[in-house]
>>> print(open('start-v4.pdb').read())   # PDB, N, CA and C atoms
ATOM      1  N   TYR A   1      17.067   4.796  10.067
ATOM      2  CA  TYR A   1      16.363   4.821   8.808
ATOM      3  C   TYR A   1      17.016   3.828   7.859
ATOM      4  N   ARG A   2      16.232   2.914   7.312
ATOM      5  CA  ARG A   2      16.740   1.915   6.386
ATOM      6  C   ARG A   2      16.086   2.100   5.024
ATOM      7  N   LYS A   3      16.891   1.930   3.989
ATOM      8  CA  LYS A   3      16.353   1.981   2.634
ATOM      9  C   LYS A   3      15.833   0.596   2.265
ATOM     10  N   GLN A   4      14.683   0.539   1.635
ATOM     11  CA  GLN A   4      14.069  -0.739   1.282
ATOM     12  C   GLN A   4      14.589  -1.202  -0.073
ATOM     13  N   LEU A   5      15.803  -1.767  -0.064
ATOM     14  CA  LEU A   5      16.470  -2.159  -1.300
ATOM     15  C   LEU A   5      16.521  -3.662  -1.528
ATOM     16  N   LEU A   6      16.207  -4.446  -0.523
ATOM     17  CA  LEU A   6      16.380  -5.895  -0.643
ATOM     18  C   LEU A   6      15.152  -6.535  -1.272
ATOM     19  N   LYS A   7      15.022  -6.329  -2.564
ATOM     20  CA  LYS A   7      13.899  -6.870  -3.325
ATOM     21  C   LYS A   7      14.446  -7.605  -4.537
ATOM     22  N   GLY A   8      13.752  -8.634  -4.970
ATOM     23  CA  GLY A   8      14.078  -9.319  -6.214
ATOM     24  C   GLY A   8      15.494  -9.864  -6.269
ATOM     25  N   SER A   9      16.183  -9.515  -7.341
ATOM     26  CA  SER A   9      17.517 -10.075  -7.564
ATOM     27  C   SER A   9      18.540  -9.567  -6.550
ATOM     28  N   ILE A  10      18.337  -8.374  -6.016
ATOM     29  CA  ILE A  10      19.286  -7.862  -5.010
ATOM     30  C   ILE A  10      19.228  -8.741  -3.762
ATOM     31  N   ALA A  11      18.042  -9.090  -3.320
ATOM     32  CA  ALA A  11      17.893  -9.955  -2.139
ATOM     33  C   ALA A  11      18.532 -11.317  -2.400
ATOM     34  N   ASP A  12      18.303 -11.871  -3.592
ATOM     35  CA  ASP A  12      18.893 -13.164  -3.936
ATOM     36  C   ASP A  12      20.418 -13.091  -3.972
ATOM     37  N   ASP A  13      20.952 -12.001  -4.532
ATOM     38  CA  ASP A  13      22.403 -11.837  -4.594
ATOM     39  C   ASP A  13      23.024 -11.690  -3.203
ATOM     40  N   VAL A  14      22.338 -10.953  -2.323
ATOM     41  CA  VAL A  14      22.846 -10.796  -0.957
ATOM     42  C   VAL A  14      22.868 -12.145  -0.244
ATOM     43  N   LYS A  15      21.803 -12.897  -0.372
ATOM     44  CA  LYS A  15      21.764 -14.226   0.260
ATOM     45  C   LYS A  15      22.892 -15.110  -0.258
ATOM     46  N   GLN A  16      23.078 -15.125  -1.580
ATOM     47  CA  GLN A  16      24.125 -15.958  -2.154
ATOM     48  C   GLN A  16      25.500 -15.507  -1.686
ATOM     49  N   LYS A  17      25.711 -14.209  -1.610
ATOM     50  CA  LYS A  17      27.004 -13.690  -1.148
ATOM     51  C   LYS A  17      27.253 -14.085   0.305
ATOM     52  N   ILE A  18      26.241 -14.045   1.139
ATOM     53  CA  ILE A  18      26.403 -14.450   2.537
ATOM     54  C   ILE A  18      26.725 -15.937   2.622
ATOM     55  N   PHE A  19      26.072 -16.764   1.800
ATOM     56  CA  PHE A  19      26.415 -18.191   1.755
ATOM     57  C   PHE A  19      27.869 -18.383   1.321
ATOM     58  N   ASP A  20      28.311 -17.620   0.329
ATOM     59  CA  ASP A  20      29.701 -17.721  -0.141
ATOM     60  C   ASP A  20      30.689 -17.335   0.959
ATOM     61  N   ILE A  21      30.398 -16.249   1.653
ATOM     62  CA  ILE A  21      31.258 -15.789   2.752
ATOM     63  C   ILE A  21      31.311 -16.861   3.844
ATOM     64  N   ALA A  22      30.168 -17.424   4.161
ATOM     65  CA  ALA A  22      30.107 -18.463   5.198
ATOM     66  C   ALA A  22      30.957 -19.665   4.801
ATOM     67  N   ASN A  23      30.867 -20.080   3.553
ATOM     68  CA  ASN A  23      31.664 -21.220   3.096
ATOM     69  C   ASN A  23      33.157 -20.933   3.162
ATOM     70  N   ILE A  24      33.557 -19.745   2.757
ATOM     71  CA  ILE A  24      34.972 -19.372   2.777
ATOM     72  C   ILE A  24      35.534 -19.385   4.194
ATOM     73  N   HIS A  25      34.751 -18.898   5.151
ATOM     74  CA  HIS A  25      35.221 -18.745   6.526
ATOM     75  C   HIS A  25      34.874 -19.923   7.436
ATOM     76  N   GLY A  26      34.203 -20.932   6.901
ATOM     77  CA  GLY A  26      33.898 -22.115   7.693
ATOM     78  C   GLY A  26      32.686 -21.983   8.589
ATOM     79  N   TYR A  27      31.788 -21.054   8.261
ATOM     80  CA  TYR A  27      30.549 -20.910   9.012
ATOM     81  C   TYR A  27      29.470 -21.738   8.332
ATOM     82  N   GLU A  28      28.456 -22.119   9.088
ATOM     83  CA  GLU A  28      27.326 -22.834   8.514
ATOM     84  C   GLU A  28      26.068 -21.990   8.689
ATOM     85  N   ILE A  29      25.416 -21.678   7.591
ATOM     86  CA  ILE A  29      24.152 -20.944   7.649
ATOM     87  C   ILE A  29      23.052 -21.935   7.985
ATOM     88  N   ILE A  30      22.402 -21.739   9.102
ATOM     89  CA  ILE A  30      21.313 -22.624   9.533
ATOM     90  C   ILE A  30      19.981 -22.111   8.992
ATOM     91  N   ALA A  31      19.775 -20.809   9.041
ATOM     92  CA  ALA A  31      18.548 -20.200   8.526
ATOM     93  C   ALA A  31      18.852 -18.777   8.086
ATOM     94  N   MET A  32      18.128 -18.313   7.050
ATOM     95  CA  MET A  32      18.295 -16.941   6.587
ATOM     96  C   MET A  32      16.986 -16.456   5.980
ATOM     97  N   GLU A  33      16.591 -15.252   6.344
ATOM     98  CA  GLU A  33      15.393 -14.611   5.807
ATOM     99  C   GLU A  33      15.705 -13.150   5.511
ATOM    100  N   THR A  34      15.150 -12.654   4.421
ATOM    101  CA  THR A  34      15.312 -11.236   4.101
ATOM    102  C   THR A  34      13.963 -10.546   4.154
ATOM    103  N   ASP A  35      14.010  -9.286   4.531
ATOM    104  CA  ASP A  35      12.860  -8.405   4.438
ATOM    105  C   ASP A  35      13.264  -7.311   3.458
ATOM    106  N   LYS A  36      12.459  -6.296   3.286
ATOM    107  CA  LYS A  36      12.785  -5.244   2.323
ATOM    108  C   LYS A  36      14.009  -4.431   2.721
ATOM    109  N   ASP A  37      14.299  -4.372   4.020
ATOM    110  CA  ASP A  37      15.379  -3.495   4.455
ATOM    111  C   ASP A  37      16.368  -4.138   5.429
ATOM    112  N   HIS A  38      16.254  -5.433   5.687
ATOM    113  CA  HIS A  38      17.212  -6.080   6.581
ATOM    114  C   HIS A  38      17.209  -7.598   6.380
ATOM    115  N   ILE A  39      18.219  -8.232   6.957
ATOM    116  CA  ILE A  39      18.388  -9.680   6.837
ATOM    117  C   ILE A  39      18.593 -10.262   8.229
ATOM    118  N   HIS A  40      17.995 -11.426   8.461
ATOM    119  CA  HIS A  40      18.262 -12.199   9.668
ATOM    120  C   HIS A  40      18.903 -13.501   9.232
ATOM    121  N   PHE A  41      19.968 -13.897   9.921
ATOM    122  CA  PHE A  41      20.497 -15.227   9.659
ATOM    123  C   PHE A  41      21.060 -15.825  10.933
ATOM    124  N   LEU A  42      20.940 -17.130  11.009
ATOM    125  CA  LEU A  42      21.423 -17.902  12.144
ATOM    126  C   LEU A  42      22.580 -18.736  11.631
ATOM    127  N   ILE A  43      23.731 -18.606  12.283
ATOM    128  CA  ILE A  43      24.904 -19.338  11.812
ATOM    129  C   ILE A  43      25.530 -20.158  12.929
ATOM    130  N   SER A  44      26.243 -21.175  12.510
ATOM    131  CA  SER A  44      27.076 -21.956  13.409
ATOM    132  C   SER A  44      28.519 -21.579  13.083
ATOM    133  N   TYR A  45      29.296 -21.271  14.108
ATOM    134  CA  TYR A  45      30.669 -20.823  13.887
ATOM    135  C   TYR A  45      31.579 -21.342  14.983
ATOM    136  N   ASP A  46      32.862 -21.283  14.713
ATOM    137  CA  ASP A  46      33.866 -21.722  15.681
ATOM    138  C   ASP A  46      33.878 -20.764  16.867
ATOM    139  N   THR A  47      34.031 -21.285  18.056
ATOM    140  CA  THR A  47      33.995 -20.442  19.258
ATOM    141  C   THR A  47      35.193 -19.506  19.368
ATOM    142  N   THR A  48      36.219 -19.706  18.537
ATOM    143  CA  THR A  48      37.355 -18.782  18.560
ATOM    144  C   THR A  48      37.053 -17.513  17.767
ATOM    145  N   ASP A  49      35.997 -17.533  16.953
ATOM    146  CA  ASP A  49      35.590 -16.342  16.203
ATOM    147  C   ASP A  49      34.691 -15.476  17.070
ATOM    148  N   ARG A  50      34.846 -14.172  16.928
ATOM    149  CA  ARG A  50      33.990 -13.246  17.663
ATOM    150  C   ARG A  50      32.819 -12.827  16.781
ATOM    151  N   VAL A  51      31.661 -12.684  17.384
ATOM    152  CA  VAL A  51      30.461 -12.303  16.640
ATOM    153  C   VAL A  51      30.675 -10.969  15.934
ATOM    154  N   CYS A  52      31.283 -10.016  16.614
ATOM    155  CA  CYS A  52      31.496  -8.699  16.006
ATOM    156  C   CYS A  52      32.377  -8.800  14.760
ATOM    157  N   ASP A  53      33.350  -9.719  14.762
ATOM    158  CA  ASP A  53      34.199  -9.904  13.582
ATOM    159  C   ASP A  53      33.423 -10.543  12.434
ATOM    160  N   ILE A  54      32.562 -11.481  12.750
ATOM    161  CA  ILE A  54      31.740 -12.125  11.725
ATOM    162  C   ILE A  54      30.817 -11.088  11.079
ATOM    163  N   VAL A  55      30.169 -10.289  11.898
ATOM    164  CA  VAL A  55      29.264  -9.251  11.387
ATOM    165  C   VAL A  55      30.041  -8.268  10.511
ATOM    166  N   LYS A  56      31.213  -7.877  10.970
ATOM    167  CA  LYS A  56      32.041  -6.944  10.206
ATOM    168  C   LYS A  56      32.408  -7.513   8.836
ATOM    169  N   ILE A  57      32.827  -8.753   8.802
ATOM    170  CA  ILE A  57      33.202  -9.404   7.540
ATOM    171  C   ILE A  57      32.004  -9.466   6.596
ATOM    172  N   VAL A  58      30.871  -9.908   7.099
ATOM    173  CA  VAL A  58      29.678 -10.046   6.255
ATOM    174  C   VAL A  58      29.241  -8.685   5.724
ATOM    175  N   LYS A  59      29.195  -7.675   6.586
ATOM    176  CA  LYS A  59      28.757  -6.351   6.146
ATOM    177  C   LYS A  59      29.726  -5.748   5.138
ATOM    178  N   GLN A  60      31.026  -5.866   5.394
ATOM    179  CA  GLN A  60      32.016  -5.300   4.468
ATOM    180  C   GLN A  60      31.952  -5.965   3.102
ATOM    181  N   LYS A  61      31.940  -7.284   3.087
ATOM    182  CA  LYS A  61      31.995  -8.001   1.816
ATOM    183  C   LYS A  61      30.696  -7.887   1.024
ATOM    184  N   THR A  62      29.558  -7.904   1.697
ATOM    185  CA  THR A  62      28.307  -7.760   0.949
ATOM    186  C   THR A  62      28.130  -6.333   0.433
ATOM    187  N   THR A  63      28.519  -5.343   1.228
ATOM    188  CA  THR A  63      28.424  -3.956   0.777
ATOM    189  C   THR A  63      29.309  -3.725  -0.433
ATOM    190  N   TYR A  64      30.550  -4.186  -0.375
ATOM    191  CA  TYR A  64      31.466  -4.017  -1.502
ATOM    192  C   TYR A  64      30.914  -4.705  -2.748
ATOM    193  N   TYR A  65      30.427  -5.920  -2.587
ATOM    194  CA  TYR A  65      29.878  -6.688  -3.704
ATOM    195  C   TYR A  65      28.675  -5.971  -4.331
ATOM    196  N   LEU A  66      27.771  -5.496  -3.496
ATOM    197  CA  LEU A  66      26.583  -4.828  -4.018
ATOM    198  C   LEU A  66      26.928  -3.531  -4.734
ATOM    199  N   TRP A  67      27.889  -2.764  -4.213
ATOM    200  CA  TRP A  67      28.281  -1.530  -4.892
ATOM    201  C   TRP A  67      28.958  -1.832  -6.220
ATOM    202  N   GLN A  68      29.692  -2.942  -6.293
ATOM    203  CA  GLN A  68      30.312  -3.328  -7.559
ATOM    204  C   GLN A  68      29.245  -3.726  -8.582
ATOM    205  N   LYS A  69      28.250  -4.461  -8.158
ATOM    206  CA  LYS A  69      27.246  -4.994  -9.075
ATOM    207  C   LYS A  69      26.106  -4.021  -9.368
ATOM    208  N   TYR A  70      25.649  -3.283  -8.365
ATOM    209  CA  TYR A  70      24.481  -2.416  -8.492
ATOM    210  C   TYR A  70      24.804  -0.953  -8.198
ATOM    211  N   GLY A  71      26.011  -0.537  -8.448
ATOM    212  CA  GLY A  71      26.453   0.807  -8.071
ATOM    213  C   GLY A  71      25.580   1.930  -8.588
ATOM    214  N   SER A  72      25.221   1.887  -9.873
ATOM    215  CA  SER A  72      24.425   2.991 -10.418
ATOM    216  C   SER A  72      23.029   3.021  -9.798
ATOM    217  N   PHE A  73      22.426   1.855  -9.614
ATOM    218  CA  PHE A  73      21.100   1.786  -8.984
ATOM    219  C   PHE A  73      21.155   2.280  -7.548
ATOM    220  N   LEU A  74      22.161   1.829  -6.789
ATOM    221  CA  LEU A  74      22.264   2.225  -5.383
ATOM    222  C   LEU A  74      22.528   3.714  -5.234
ATOM    223  N   SER A  75      23.355   4.275  -6.098
ATOM    224  CA  SER A  75      23.635   5.709  -5.989
ATOM    225  C   SER A  75      22.394   6.526  -6.329
ATOM    226  N   GLN A  76      21.580   6.052  -7.291
ATOM    227  CA  GLN A  76      20.317   6.741  -7.584
ATOM    228  C   GLN A  76      19.409   6.728  -6.368
ATOM    229  N   GLN A  77      19.312   5.589  -5.689
ATOM    230  CA  GLN A  77      18.472   5.478  -4.493
ATOM    231  C   GLN A  77      18.988   6.388  -3.391
ATOM    232  N   TYR A  78      20.316   6.436  -3.226
ATOM    233  CA  TYR A  78      20.916   7.269  -2.187
ATOM    234  C   TYR A  78      20.615   8.745  -2.446
ATOM    235  N   TRP A  79      20.888   9.217  -3.649
ATOM    236  CA  TRP A  79      20.695  10.635  -3.941
ATOM    237  C   TRP A  79      19.219  11.005  -3.964
ATOM    238  N   ARG A  80      18.360  10.082  -4.362
ATOM    239  CA  ARG A  80      16.926  10.352  -4.346
ATOM    240  C   ARG A  80      16.460  10.618  -2.920
ATOM    241  N   SER A  81      16.954   9.832  -1.960
ATOM    242  CA  SER A  81      16.538  10.031  -0.572
ATOM    243  C   SER A  81      17.144  11.303   0.011
ATOM    244  N   ILE A  82      18.374  11.648  -0.372
ATOM    245  CA  ILE A  82      19.004  12.886   0.123
ATOM    246  C   ILE A  82      18.221  14.105  -0.373
ATOM    247  N   VAL A  83      17.904  14.119  -1.659
ATOM    248  CA  VAL A  83      17.168  15.245  -2.229
ATOM    249  C   VAL A  83      15.771  15.328  -1.617
ATOM    250  N   SER A  84      15.137  14.180  -1.458
ATOM    251  CA  SER A  84      13.797  14.154  -0.867
ATOM    252  C   SER A  84      13.820  14.713   0.551
ATOM    253  N   ASN A  85      14.782  14.288   1.345
ATOM    254  CA  ASN A  85      14.890  14.787   2.721
ATOM    255  C   ASN A  85      15.214  16.282   2.744
ATOM    256  N   TYR A  86      16.058  16.731   1.826
ATOM    257  CA  TYR A  86      16.439  18.138   1.763
ATOM    258  C   TYR A  86      15.238  19.005   1.417
ATOM    259  N   THR A  87      14.439  18.562   0.457
ATOM    260  CA  THR A  87      13.291  19.379   0.052
ATOM    261  C   THR A  87      12.213  19.397   1.126
ATOM    262  N   LYS A  88      12.130  18.388   1.964
ATOM    263  CA  LYS A  88      11.145  18.381   3.049
ATOM    264  C   LYS A  88      11.508  19.418   4.110
ATOM    265  N   VAL A  89      12.815  19.613   4.310
ATOM    266  CA  VAL A  89      13.269  20.560   5.335
ATOM    267  C   VAL A  89      13.014  21.992   4.900
ATOM    268  N   TYR A  90      13.205  22.265   3.615
ATOM    269  CA  TYR A  90      13.077  23.647   3.140
ATOM    270  C   TYR A  90      11.813  23.863   2.420
TER     271      TYR A  90
END
>>> encode(input="start-v4.pdb", output="structure tokens")
Amino acid sequence: YRKQLLKGSIADDVKQKIFDIANIHGYEIIAMETDKDHIHFLISYDTTDRVCDIVKIVKQKTTYYLWQKYGSFLSQQYWRSIVSNYTKVY
């Protein structure tokens, strides 16, 4: 289950953060597209880097950044879905 949060400025901020991470680590973003609930990107990277490590870095840094910038909005979305799911069960 994915929350559809990647809209408007949040999607733009995530893309920019991924570009920043890529520049810091020496990766090249070849293509990137966002949907409402996920991102696809194609990167060029050094063969000494492992894909799982790249994914881990990107997910950790973008998650931390988004919680710092949009924390109140994200927590509202999180609790709204928890309450909604809880009331459906009972």
>>> closest_residue(input="start-v4.pdb", among="A:Ser44, A:Asp49, A:Val14, A:Glu33", to="A:Leu66", atoms="only N, CA and C atoms")
A:Val14
>>> closest_residue(input="start-v4.pdb", among="A:Val51, A:Tyr64, A:Lys69, A:Thr34", to="A:Ala11", atoms="all atoms listed in the file")
A:Thr34
>>> atom_distance(input="start-v4.pdb", atom1="atom CA of A:Ile24", atom2="atom CA of A:Tyr45")
12.0 Å
>>> atom_distance(input="start-v4.pdb", atom1="atom CA of A:Ile10", atom2="atom CA of A:Asp53")
23.9 Å
>>> select_by_dssp(input="start-v4.pdb", residues="stretch 16-83 of chain A", states="strand (DSSP E)", output="number ranges by chain")
A: 28-34, 39-44
>>> residues_around(input="start-v4.pdb", residues="A:Phe41", least_positions_apart="4", cutoff="6.5 Å", atoms="all atoms listed in the file", output="list in words")
Ile30, Ala31, Met32 and Glu33 of chain A
>>> atom_distance(input="start-v4.pdb", atom1="atom N of A:Lys59", atom2="atom CA of A:Ile43")
13.5 Å
>>> residues_around(input="start-v4.pdb", residues="A:Asp13", least_positions_apart="6", cutoff="8 Å", atoms="all atoms listed in the file", output="list in words")
Lys7, Phe19, Thr62 and Leu66 of chain A
>>> write_last_selection(input="start-v4.pdb", atoms="N, CA and C atoms", output="JSON list (two decimals), in the frame of the given file")
[["chain", "number", "residue", "atom", "x", "y", "z"],
["A", 7, "LYS", "N", 15.02, -6.33, -2.56],
["A", 7, "LYS", "CA", 13.90, -6.87, -3.32],
["A", 7, "LYS", "C", 14.45, -7.60, -4.54],
["A", 19, "PHE", "N", 26.07, -16.76, 1.80],
["A", 19, "PHE", "CA", 26.42, -18.19, 1.76],
["A", 19, "PHE", "C", 27.87, -18.38, 1.32],
["A", 62, "THR", "N", 29.56, -7.90, 1.70],
["A", 62, "THR", "CA", 28.31, -7.76, 0.95],
["A", 62, "THR", "C", 28.13, -6.33, 0.43],
["A", 66, "LEU", "N", 27.77, -5.50, -3.50],
["A", 66, "LEU", "CA", 26.58, -4.83, -4.02],
["A", 66, "LEU", "C", 26.93, -3.53, -4.73]]
>>> select_by_dssp(input="start-v4.pdb", residues="stretch 32-77 of chain A", states="alpha helix (DSSP H)", output="compact mmCIF listing (two decimals) with N, CA and C atoms, keeping the file's coordinate frame")
# COMPACT_ATOMS: atom_id res chain seq x y z
N VAL A 51 31.66 -12.68 17.38
CA VAL A 51 30.46 -12.30 16.64
C VAL A 51 30.68 -10.97 15.93
N CYS A 52 31.28 -10.02 16.61
CA CYS A 52 31.50 -8.70 16.01
C CYS A 52 32.38 -8.80 14.76
N ASP A 53 33.35 -9.72 14.76
CA ASP A 53 34.20 -9.90 13.58
C ASP A 53 33.42 -10.54 12.43
N ILE A 54 32.56 -11.48 12.75
CA ILE A 54 31.74 -12.12 11.72
C ILE A 54 30.82 -11.09 11.08
N VAL A 55 30.17 -10.29 11.90
CA VAL A 55 29.26 -9.25 11.39
C VAL A 55 30.04 -8.27 10.51
N LYS A 56 31.21 -7.88 10.97
CA LYS A 56 32.04 -6.94 10.21
C LYS A 56 32.41 -7.51 8.84
N ILE A 57 32.83 -8.75 8.80
CA ILE A 57 33.20 -9.40 7.54
C ILE A 57 32.00 -9.47 6.60
N VAL A 58 30.87 -9.91 7.10
CA VAL A 58 29.68 -10.05 6.26
C VAL A 58 29.24 -8.68 5.72
N LYS A 59 29.20 -7.68 6.59
CA LYS A 59 28.76 -6.35 6.15
C LYS A 59 29.73 -5.75 5.14
N GLN A 60 31.03 -5.87 5.39
CA GLN A 60 32.02 -5.30 4.47
C GLN A 60 31.95 -5.96 3.10
N LYS A 61 31.94 -7.28 3.09
CA LYS A 61 32.00 -8.00 1.82
C LYS A 61 30.70 -7.89 1.02
N THR A 62 29.56 -7.90 1.70
CA THR A 62 28.31 -7.76 0.95
C THR A 62 28.13 -6.33 0.43
N THR A 63 28.52 -5.34 1.23
CA THR A 63 28.42 -3.96 0.78
C THR A 63 29.31 -3.72 -0.43
N TYR A 64 30.55 -4.19 -0.38
CA TYR A 64 31.47 -4.02 -1.50
C TYR A 64 30.91 -4.70 -2.75
N TYR A 65 30.43 -5.92 -2.59
CA TYR A 65 29.88 -6.69 -3.70
C TYR A 65 28.68 -5.97 -4.33
N LEU A 66 27.77 -5.50 -3.50
CA LEU A 66 26.58 -4.83 -4.02
C LEU A 66 26.93 -3.53 -4.73
N TRP A 67 27.89 -2.76 -4.21
CA TRP A 67 28.28 -1.53 -4.89
C TRP A 67 28.96 -1.83 -6.22
N GLN A 68 29.69 -2.94 -6.29
CA GLN A 68 30.31 -3.33 -7.56
C GLN A 68 29.24 -3.73 -8.58
N LYS A 69 28.25 -4.46 -8.16
CA LYS A 69 27.25 -4.99 -9.07
C LYS A 69 26.11 -4.02 -9.37
N TYR A 70 25.65 -3.28 -8.36
CA TYR A 70 24.48 -2.42 -8.49
C TYR A 70 24.80 -0.95 -8.20
N GLY A 71 26.01 -0.54 -8.45
CA GLY A 71 26.45 0.81 -8.07
C GLY A 71 25.58 1.93 -8.59
N SER A 72 25.22 1.89 -9.87
CA SER A 72 24.42 2.99 -10.42
C SER A 72 23.03 3.02 -9.80
N PHE A 73 22.43 1.86 -9.61
CA PHE A 73 21.10 1.79 -8.98
C PHE A 73 21.16 2.28 -7.55
N LEU A 74 22.16 1.83 -6.79
CA LEU A 74 22.26 2.22 -5.38
C LEU A 74 22.53 3.71 -5.23
N SER A 75 23.36 4.28 -6.10
CA SER A 75 23.64 5.71 -5.99
C SER A 75 22.39 6.53 -6.33
N GLN A 76 21.58 6.05 -7.29
CA GLN A 76 20.32 6.74 -7.58
C GLN A 76 19.41 6.73 -6.37
N GLN A 77 19.31 5.59 -5.69
CA GLN A 77 18.47 5.48 -4.49
C GLN A 77 18.99 6.39 -3.39
>>> axis_aligned_box(input="start-v4.pdb", around="stretch 21-25 of chain A", padding_each_side="8 Å", output="JSON")
{"center_x": 32.8, "center_y": -18.5, "center_z": 4.5, "size_x": 21.4, "size_y": 21.4, "size_z": 21.8}
